[in-house]
Each structure stands twice: as structure tokens, then as C-alpha cells.
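Peer 1: Take this structure, written in C-alpha cells, and hold onto it; I'll ask about it next.
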Amino acid sequence: MKEKIVYWITGSQTLYGDEVLSHVAAHSEEMASYVNGFMPVTVKYLTTCKSSEEIVSAMRKVNEEDDCVGVIVWCHTFSPAKMWIKGLSLLRKPLCHFATQYNEKLPYETIDMDFMNENQAAHGDRELGYIIARMRLDQKVVVGYYKDAEALKELASWCKAAAGLAFSKTVKVCRFSDNMRGVAVTEGDKVEAHISLGWEVDYYPVGDLVEYVHKVTEKDVDALMEEYAQKYTMATDRIDVVREQARYEIAIERFCSERGYIGIVDHFGSLHGLGQLPGLAIQDLQSKGYGFGAEGDWKIAALGAVMQYMAGQKGTGMMEDYTYDLKDGLCLGAHMLEVSPQFAQTKPEIQVHPLSIGGKGDPARLVFEGISAPEAVAVSMVDMGDRLRLIVQKIELVRYPHKMPKLPVAGLMWKYQPNFKDGVAAWLLAGGAHHTVVSSEISVREMSDLGDMWGMEVVIIDEHTRIDEFKRQLMWSDRIFKSRL
Ligand code: MN
């Protein structure tokens, strides 16, 4: 992500003379370079803008450079905002308004009008804020001294989301099945997702994949089996069953890499020509950064790929709310097979068990207990008929309270925010799906920043959620997003 660039543009004007402007440029350079040390992307000072032409040219550079994912704007001095109108109307990348200063404290003993003219962010930022608000542009506002840890954290979070947005535009999902028959929530408007999120979602008959499976050689399988032996404990003597999964993994990876796919979708009911449901294969592919969606769920595959990128391929993967412990207010999440080993707390074991649905051979899968994490997110994306809605819930990942020796799949357990009852109620009121992408590496703020950049309706469920307010908020939100059409 550090290859991605966020340009720092400072606003000013010519009124103050060259000496002040040289200080403004030097301060901006120093501040951007300090801030860069705390960001997941590269933050680079670009220029100090003093005219409409300069702003237009700066914004063109921001738009045209592929590696540039966004822009931070700050006004060191006053900068009359009419000159920002043409440049801002061209801007097609995320905008962060950083309300900061070169000085943290006022120099009470020595302050004079020279200091006032050179350092007037409180004045200049208001002029900039007005024009951005007047133009109805989406902006992130971060407030604080540029060395303040909290402000830097917020800025870093926005940078991560901006990089996620750029990545999102490159996401291609390969679908070996349509949605599961009868299931509503995994449906969605793929054309709308292509337009608004950049996701390309393509279908292939599973037979196309089967041809790739047949081309995998025993030597290829030997090499991947060695990788498995390094990473996982072989807890089965049915080696042929495991080798079959290795064959699927190699075939899927080849199929995807030849065509640029980073998201994979399959369905246990659409496996003609495959002997088992891909379990271990999909798990290992998720550990390498692929997004996965089961039962035809392309939204989760694409969202998973984006979140994997934002999370640096750690602690992130597809999840499914499965069954509750109502007494202790817990949820056990798992799936038929395909839980990502990025969630493993214990060394994953390769096991082979029957799968009671699908009517195929016993599949090999990784079995482990999931990680604990005080703060994680569960994210769902649902199609409301006229738009996509992003639902982000704060959860706490916890250890299993008791061993589950007969559970033949990997799992995660969590507690909902703000508490079990309201957390579940809010999710249901918002229409959240059973499939989610869970991440221990991404915050609610990062996901909501990304949702805002997408221009999407974002519903947040966290420690502040109160059901009565939440219900009304959903009603307002529904009206607002409907009227956008
Ligand atoms: Mn499922």
C-alpha cells in the first residue's frame, strides 16, 4: 500500500508576499513528510495553490496519476474559495480536509500581526469547508495538530480507505455458479456494482474449471502438498482426498491469475465434474488474499478481496453467522468448510469428514479454533432494490468458552455490539445478510470512510447504537438514498 500516493495540497494566496509563501511551502513540506511516517500510503507535499489555474492543474495531476489514491487539503493561510471551484469540480478522487496547524500552541509572548497573517488555518479552513459543503462534495474532515496521535490515526484510517477505493476499481470476480436457488440476500445488481464500485463479475460454467483440474500434474500437486505440510498438520490418512483439494486449488489459481480474478465464487450444488466441494482449496486461497463467496455470493467475494487488501491479508475472510449461545450472548460463526486460516489461533489441521449436503465425496478442510480480538468488524452488503447498502457492525472475537471436539469445521465466536439483543436486532432491522466479511484488522471508521467514498448508504452498529434511534435512522436513510435516484 505504501506504493500508493496521497498528495498534500496547501491553500494560500498571493496577498501575503513571497516571504510568507516560502514559509508556507517549507512548513507544508515538513508537515507532509512527518505525517508520511505514520501513514500506510505515501503522503507527499505537492504544491501550495494560490490561483484557480494552479488548483485546476494540481487536481488534474491527482486525477491522472494511477498511483495517486486521494488528496489532503489544508489552508495554512486564508485562501479565497472561489478559486477552488473549478479544481474541486474536476476532482475524481477522495478528498480529506485536514484542519491542522504548523504550530500547536499560540506563541503568547510574541504573537503579532505577521504571525496572524502567516498562520490562520482557523480562518482559511472555514472558507475551504464552505465551498466543499456548498458543492456537496464528499469530504473527510480530520482535526488536530499534525503530530497528534489521534489525528494521525484518523488520517491513516482515511488513507487506508482511499487505497481500498482504488483497489476496489480493479476487482474482478469469477463465478462458477449462480446464486443458490431460493436465496434472496445473495442476489444483487451486478451492473450497478460495476458502475458504482468498479467490480467486474463474470460467470463461467464449472466445466471450464474442471478442464483446468484435469490438466494439473502430479508434480504440481506434490509441490503444493509440501506447502500444506509446512503450514498445516495432516490429521488424516486419506491423502488422496487432500491431493484432490490441492488439484482444485492449483486449477482455480491458474484460472484466476490468467484472467486477473481476485474474487472466487462457487456453490456446493454446482460441482459437476468435481468429486468434492472445494474446502481446503478455498481456505488456502483465502490465506493468499483471494476474496471468496459461497453459494454464488459475488458481493461477499468482491468485498472480501477489497478488505483483504486493506487488511494486508491478515485476520480477514468470509464468515457466516451460524448458531447462537443465547445464554451467554455469543454467536458461533463458521461455514460448511471455507473459513479462512487467517483466523486461526491454533495450527490448522487438515481433516476429512463427510459433508451432509451436496451429495459429493467427503471433502478435506482445515479445522481450527478462531482468534480472539477485542475489536473486529462484520461487514455485509445487501441490495435494497434501488441501491446497495453497507452494514458494518463492531464485534468482539472471543475464544470458545468450551471445547467443541465434534465440530468438523473451523469457527469463530463473537459478541455483538452494543450488546447481544440490540446487536442482533439492529442487524436484522438493517437487513444484514448471513454472509459477511469479518476482519480483526479493519476498523468501523475505515469501513465507513470507504462506504462514503463509494457514495453508498452506510449503516453502523456499534457501542452507541440505540434501537429506537436506529430504527428511525434507517427510515430517514431510506428516504435520502431513494431520493438520490
Ligand atoms: Mn453460506
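FYI, nothing fancy with the C-alpha cells labels: chains A, B, ... in order, residues from 1 per chain, ligands from 1 as they appear.
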Residues within 8 Å of ligand 1 (only C-alpha atoms and all ligand atoms), as an MDAnalysis selection string?

Peer 2: chainID A and resid 294:295 320 335:336 434:435

Peer 1: Store the residues picked out above, limited to all heavy atoms, as a PDB file, in the first residue's frame.

Peer 2:
```
ATOM      1  N   ALA A 294     -19.503 -17.931  -0.984  1.00  0.00           N
ATOM      2  CA  ALA A 294     -20.123 -19.241  -1.158  1.00  0.00           C
ATOM      3  C   ALA A 294     -21.524 -19.100  -1.735  1.00  0.00           C
ATOM      4  O   ALA A 294     -22.117 -18.022  -1.690  1.00  0.00           O
ATOM      5  CB  ALA A 294     -20.184 -19.960   0.186  1.00  0.00           C
ATOM      6  N   GLU A 295     -22.043 -20.175  -2.264  1.00  0.00           N
ATOM      7  CA  GLU A 295     -23.427 -20.221  -2.773  1.00  0.00           C
ATOM      8  C   GLU A 295     -23.744 -19.073  -3.743  1.00  0.00           C
ATOM      9  O   GLU A 295     -24.809 -18.456  -3.683  1.00  0.00           O
ATOM     10  CB  GLU A 295     -24.435 -20.224  -1.615  1.00  0.00           C
ATOM     11  CG  GLU A 295     -24.425 -21.491  -0.791  1.00  0.00           C
ATOM     12  CD  GLU A 295     -23.571 -21.350   0.457  1.00  0.00           C
ATOM     13  OE1 GLU A 295     -23.693 -20.347   1.154  1.00  0.00           O
ATOM     14  OE2 GLU A 295     -22.763 -22.263   0.709  1.00  0.00           O
ATOM     15  N   GLU A 320     -19.940 -16.660   8.299  1.00  0.00           N
ATOM     16  CA  GLU A 320     -21.395 -16.823   8.267  1.00  0.00           C
ATOM     17  C   GLU A 320     -21.883 -16.941   9.697  1.00  0.00           C
ATOM     18  O   GLU A 320     -21.382 -17.764  10.461  1.00  0.00           O
ATOM     19  CB  GLU A 320     -21.756 -18.090   7.474  1.00  0.00           C
ATOM     20  CG  GLU A 320     -23.247 -18.327   7.367  1.00  0.00           C
ATOM     21  CD  GLU A 320     -23.552 -19.403   6.326  1.00  0.00           C
ATOM     22  OE1 GLU A 320     -23.703 -19.080   5.139  1.00  0.00           O
ATOM     23  OE2 GLU A 320     -23.612 -20.588   6.698  1.00  0.00           O
ATOM     24  N   HIS A 335     -18.601 -21.975   8.403  1.00  0.00           N
ATOM     25  CA  HIS A 335     -19.278 -22.251   7.140  1.00  0.00           C
ATOM     26  C   HIS A 335     -19.173 -23.731   6.919  1.00  0.00           C
ATOM     27  O   HIS A 335     -18.578 -24.456   7.716  1.00  0.00           O
ATOM     28  CB  HIS A 335     -18.689 -21.436   5.974  1.00  0.00           C
ATOM     29  CG  HIS A 335     -19.670 -21.250   4.862  1.00  0.00           C
ATOM     30  ND1 HIS A 335     -19.622 -21.946   3.690  1.00  0.00           N
ATOM     31  CD2 HIS A 335     -20.776 -20.463   4.793  1.00  0.00           C
ATOM     32  CE1 HIS A 335     -20.648 -21.584   2.925  1.00  0.00           C
ATOM     33  NE2 HIS A 335     -21.364 -20.696   3.569  1.00  0.00           N
ATOM     34  N   MET A 336     -19.749 -24.185   5.827  1.00  0.00           N
ATOM     35  CA  MET A 336     -19.696 -25.598   5.512  1.00  0.00           C
ATOM     36  C   MET A 336     -18.261 -26.113   5.610  1.00  0.00           C
ATOM     37  O   MET A 336     -17.994 -27.161   6.150  1.00  0.00           O
ATOM     38  CB  MET A 336     -20.167 -25.735   4.073  1.00  0.00           C
ATOM     39  CG  MET A 336     -21.287 -26.646   3.875  1.00  0.00           C
ATOM     40  SD  MET A 336     -21.739 -26.473   2.161  1.00  0.00           S
ATOM     41  CE  MET A 336     -23.235 -25.587   2.363  1.00  0.00           C
ATOM     42  N   HIS A 434     -26.596 -13.217   6.160  1.00  0.00           N
ATOM     43  CA  HIS A 434     -25.900 -14.242   6.961  1.00  0.00           C
ATOM     44  C   HIS A 434     -24.441 -14.350   6.547  1.00  0.00           C
ATOM     45  O   HIS A 434     -23.601 -14.746   7.323  1.00  0.00           O
ATOM     46  CB  HIS A 434     -26.599 -15.597   6.854  1.00  0.00           C
ATOM     47  CG  HIS A 434     -26.816 -16.062   5.447  1.00  0.00           C
ATOM     48  ND1 HIS A 434     -27.938 -15.722   4.719  1.00  0.00           N
ATOM     49  CD2 HIS A 434     -26.060 -16.807   4.617  1.00  0.00           C
ATOM     50  CE1 HIS A 434     -27.862 -16.255   3.502  1.00  0.00           C
ATOM     51  NE2 HIS A 434     -26.723 -16.912   3.408  1.00  0.00           N
ATOM     52  N   HIS A 435     -24.128 -14.023   5.297  1.00  0.00           N
ATOM     53  CA  HIS A 435     -22.719 -13.994   4.867  1.00  0.00           C
ATOM     54  C   HIS A 435     -22.141 -12.613   5.169  1.00  0.00           C
ATOM     55  O   HIS A 435     -22.759 -11.593   4.860  1.00  0.00           O
ATOM     56  CB  HIS A 435     -22.594 -14.224   3.359  1.00  0.00           C
ATOM     57  CG  HIS A 435     -22.810 -15.640   2.946  1.00  0.00           C
ATOM     58  ND1 HIS A 435     -22.993 -16.001   1.634  1.00  0.00           N
ATOM     59  CD2 HIS A 435     -22.848 -16.793   3.657  1.00  0.00           C
ATOM     60  CE1 HIS A 435     -23.145 -17.312   1.555  1.00  0.00           C
ATOM     61  NE2 HIS A 435     -23.072 -17.814   2.769  1.00  0.00           N
TER      62      HIS A 435
END
```

Peer 1: Would you please extract all strand (DSSP E) residues from region 162-315 of chain A, as assigned by DSSP on the backbone, and give them as a compact mmCIF listing (two decimals) with N, CA and C atoms, in the first residue's frame?

Peer 2:
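The result, written out as selection.txt:
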```
# COMPACT_ATOMS: atom_id res chain seq x y z
N LYS A 172 -11.99 -8.04 -9.89
CA LYS A 172 -12.73 -8.90 -10.83
C LYS A 172 -13.07 -10.21 -10.12
N VAL A 173 -14.32 -10.59 -10.22
CA VAL A 173 -14.79 -11.81 -9.55
C VAL A 173 -15.19 -12.86 -10.58
N CYS A 174 -14.73 -14.08 -10.33
CA CYS A 174 -15.00 -15.20 -11.20
C CYS A 174 -16.01 -16.11 -10.50
N ARG A 175 -17.10 -16.35 -11.17
CA ARG A 175 -18.25 -17.03 -10.57
C ARG A 175 -18.48 -18.37 -11.23
N GLU A 200 -16.09 -6.12 -11.55
CA GLU A 200 -16.49 -6.91 -12.72
C GLU A 200 -16.78 -8.32 -12.25
N VAL A 201 -17.97 -8.77 -12.49
CA VAL A 201 -18.38 -10.09 -12.00
C VAL A 201 -18.77 -10.95 -13.20
N ASP A 202 -18.01 -12.01 -13.44
CA ASP A 202 -18.20 -12.84 -14.63
C ASP A 202 -18.53 -14.28 -14.25
N TYR A 203 -19.43 -14.86 -15.01
CA TYR A 203 -19.82 -16.25 -14.78
C TYR A 203 -19.08 -17.20 -15.74
N THR A 233 -1.17 -29.17 9.98
CA THR A 233 -0.94 -30.51 10.49
C THR A 233 -1.84 -31.50 9.74
N MET A 234 -1.23 -32.53 9.19
CA MET A 234 -2.02 -33.53 8.45
C MET A 234 -2.68 -34.45 9.47
N GLY A 263 -11.43 -12.45 -6.93
CA GLY A 263 -12.56 -12.96 -6.15
C GLY A 263 -13.06 -14.26 -6.78
N ILE A 264 -13.47 -15.21 -5.92
CA ILE A 264 -13.91 -16.53 -6.39
C ILE A 264 -15.27 -16.85 -5.78
N VAL A 265 -16.15 -17.38 -6.61
CA VAL A 265 -17.47 -17.78 -6.12
C VAL A 265 -17.76 -19.20 -6.58
N GLY A 291 -10.61 -13.11 -2.33
CA GLY A 291 -11.91 -12.99 -1.68
C GLY A 291 -12.76 -14.16 -2.10
N PHE A 292 -13.59 -14.66 -1.19
CA PHE A 292 -14.41 -15.82 -1.52
C PHE A 292 -15.86 -15.60 -1.12
N GLY A 293 -16.77 -16.03 -1.97
CA GLY A 293 -18.19 -16.02 -1.64
C GLY A 293 -18.79 -17.37 -1.95
```

Peer 1: Which of region 110-340 of chain A counts as helix (DSSP H, G or I) under DSSP, as a ChimeraX atom specification please?

Peer 2: /A:113-118,121-134,149-168,190-197,206-215,218-231,239-259,280-287,298-310

Peer 1: Within 7 Å of region 140-155 of chain A, counting only C-alpha atoms, which residues show up once you throw out same-chain ones fewer than 4 positions away? Write them as a list in words, please.

Peer 2: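 Result of the neighbour search: Met31, Val35, Phe38, Leu95, Cys96, His97, Phe98, Ala99, Thr100, Gln101, Glu104 and Cys159 of chain A.
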
Peer 1: Can you write out as JSON lines which residues of region 33-76 of chain A fall within 9 Å of region 2-21 of chain A, alongside each residue's closest atom pair and its distance in Å to one decimal, counting only C-alpha atoms and ordering rows by chain and ascending residue number?

Peer 2:
```
{"residue": "A:Met39", "atom": "CA", "partner": "A:Lys2", "partner_atom": "CA", "distance": 8.1}
{"residue": "A:Pro40", "atom": "CA", "partner": "A:Lys2", "partner_atom": "CA", "distance": 5.6}
{"residue": "A:Val41", "atom": "CA", "partner": "A:Lys2", "partner_atom": "CA", "distance": 4.1}
{"residue": "A:Thr42", "atom": "CA", "partner": "A:Ile5", "partner_atom": "CA", "distance": 4.8}
{"residue": "A:Val43", "atom": "CA", "partner": "A:Val6", "partner_atom": "CA", "distance": 4.9}
{"residue": "A:Lys44", "atom": "CA", "partner": "A:Tyr7", "partner_atom": "CA", "distance": 5.0}
{"residue": "A:Tyr45", "atom": "CA", "partner": "A:Trp8", "partner_atom": "CA", "distance": 4.5}
{"residue": "A:Leu46", "atom": "CA", "partner": "A:Trp8", "partner_atom": "CA", "distance": 5.6}
{"residue": "A:Thr47", "atom": "CA", "partner": "A:Ile9", "partner_atom": "CA", "distance": 5.4}
{"residue": "A:Thr48", "atom": "CA", "partner": "A:Thr10", "partner_atom": "CA", "distance": 4.6}
{"residue": "A:Cys49", "atom": "CA", "partner": "A:Gly11", "partner_atom": "CA", "distance": 5.1}
{"residue": "A:Lys50", "atom": "CA", "partner": "A:Gln13", "partner_atom": "CA", "distance": 4.1}
{"residue": "A:Ser51", "atom": "CA", "partner": "A:Gln13", "partner_atom": "CA", "distance": 6.8}
{"residue": "A:Ile55", "atom": "CA", "partner": "A:Gly11", "partner_atom": "CA", "distance": 8.8}
{"residue": "A:Ala58", "atom": "CA", "partner": "A:Ile9", "partner_atom": "CA", "distance": 8.0}
{"residue": "A:Val62", "atom": "CA", "partner": "A:Tyr7", "partner_atom": "CA", "distance": 7.2}
{"residue": "A:Asp66", "atom": "CA", "partner": "A:Lys4", "partner_atom": "CA", "distance": 8.7}
{"residue": "A:Asp67", "atom": "CA", "partner": "A:Lys4", "partner_atom": "CA", "distance": 5.0}
{"residue": "A:Cys68", "atom": "CA", "partner": "A:Ile5", "partner_atom": "CA", "distance": 4.5}
{"residue": "A:Val69", "atom": "CA", "partner": "A:Val6", "partner_atom": "CA", "distance": 5.8}
{"residue": "A:Gly70", "atom": "CA", "partner": "A:Val6", "partner_atom": "CA", "distance": 4.9}
{"residue": "A:Val71", "atom": "CA", "partner": "A:Tyr7", "partner_atom": "CA", "distance": 4.8}
{"residue": "A:Ile72", "atom": "CA", "partner": "A:Trp8", "partner_atom": "CA", "distance": 4.7}
{"residue": "A:Val73", "atom": "CA", "partner": "A:Ile9", "partner_atom": "CA", "distance": 4.9}
{"residue": "A:Trp74", "atom": "CA", "partner": "A:Thr10", "partner_atom": "CA", "distance": 5.0}
{"residue": "A:Cys75", "atom": "CA", "partner": "A:Gly11", "partner_atom": "CA", "distance": 4.4}
{"residue": "A:His76", "atom": "CA", "partner": "A:Gly11", "partner_atom": "CA", "distance": 6.4}
```

Peer 1: Within 10 Å of His464 (chain A), counting only C-alpha atoms, which residues qualify if same-chain residues fewer than 6 places away don't, as an NGL selection string?

Peer 2: :A and (417-418 or 470)

Peer 1: Please determine, counting only C-alpha atoms, which residue among A:Leu429, A:Leu450, A:Val438, A:Ile131 has the shortest atom-to-atom distance to Leu474 (chain A).

Peer 2: A:Leu429

Peer 1: Can you measure CA of Ile239 (chain A) to CA of Leu280 (chain A) for me? One decimal in Å is fine.

Peer 2: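 One can read the CA of Ile239 (chain A) to CA of Leu280 (chain A) distance as 12.7 Å.
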
Peer 1: Choose the residue, out of A:Thr323, A:Gln245, A:Ser89, A:Gln473, that has the smallest atom-to-atom separation from Arg60 (chain A); count only C-alpha atoms.

Peer 2: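 So, comparing all the options, the nearest one is A:Ser89.
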
Peer 1: Could you check how far CA of Pro94 (chain A) sits from CA of Arg259 (chain A), in Å to one decimal?

Peer 2: 28.8 Å

Peer 1: Name the closest residue to Ile195 (chain A) among the candidates A:Arg365, A:Lys415, A:Lys406, A:Arg387; distances are taken between atoms, counting only C-alpha atoms.

Peer 2: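 Answer, going by the shortest atom-to-atom distance: A:Arg387.
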
Peer 1: Write out as a PyMOL selection string each polymer residue whose atoms come within 6 Å of Ile371 (chain A), counting only C-alpha atoms; drop sequence neighbours fewer than 3 positions from it.

Peer 2: chain A and resi 343-345

Peer 1: Create the file for the chosen residues now, containing N, CA, C and O atoms and written as a PDB file, in the first residue's frame.

Peer 2:
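Once everything was written out, this is out35.pdb:
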```pdb
ATOM      1  N   PHE A 343      -7.805 -16.650  10.209  1.00  0.00           N
ATOM      2  CA  PHE A 343      -8.478 -16.548  11.510  1.00  0.00           C
ATOM      3  C   PHE A 343      -7.941 -17.561  12.528  1.00  0.00           C
ATOM      4  O   PHE A 343      -8.468 -17.649  13.637  1.00  0.00           O
ATOM      5  N   ALA A 344      -6.949 -18.351  12.143  1.00  0.00           N
ATOM      6  CA  ALA A 344      -6.552 -19.469  13.006  1.00  0.00           C
ATOM      7  C   ALA A 344      -5.779 -19.010  14.246  1.00  0.00           C
ATOM      8  O   ALA A 344      -4.834 -18.243  14.151  1.00  0.00           O
ATOM      9  N   GLN A 345      -6.226 -19.493  15.367  1.00  0.00           N
ATOM     10  CA  GLN A 345      -5.494 -19.276  16.617  1.00  0.00           C
ATOM     11  C   GLN A 345      -4.607 -20.476  16.901  1.00  0.00           C
ATOM     12  O   GLN A 345      -3.508 -20.360  17.415  1.00  0.00           O
TER      13      GLN A 345
END
```

Peer 1: What does the structure give for the distance between CA of Ile467 (chain A) and CA of Gly304 (chain A), in Å to one decimal?

Peer 2: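 Atom-to-atom, CA of Ile467 (chain A) to CA of Gly304 (chain A), that is 28.1 Å.
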
Peer 1: Using only C-alpha atoms, which residues sit within 12 Å of Arg134 (chain A) once same-chain residues fewer than 3 positions away are excluded, as a count of residues only?

Peer 2: 15
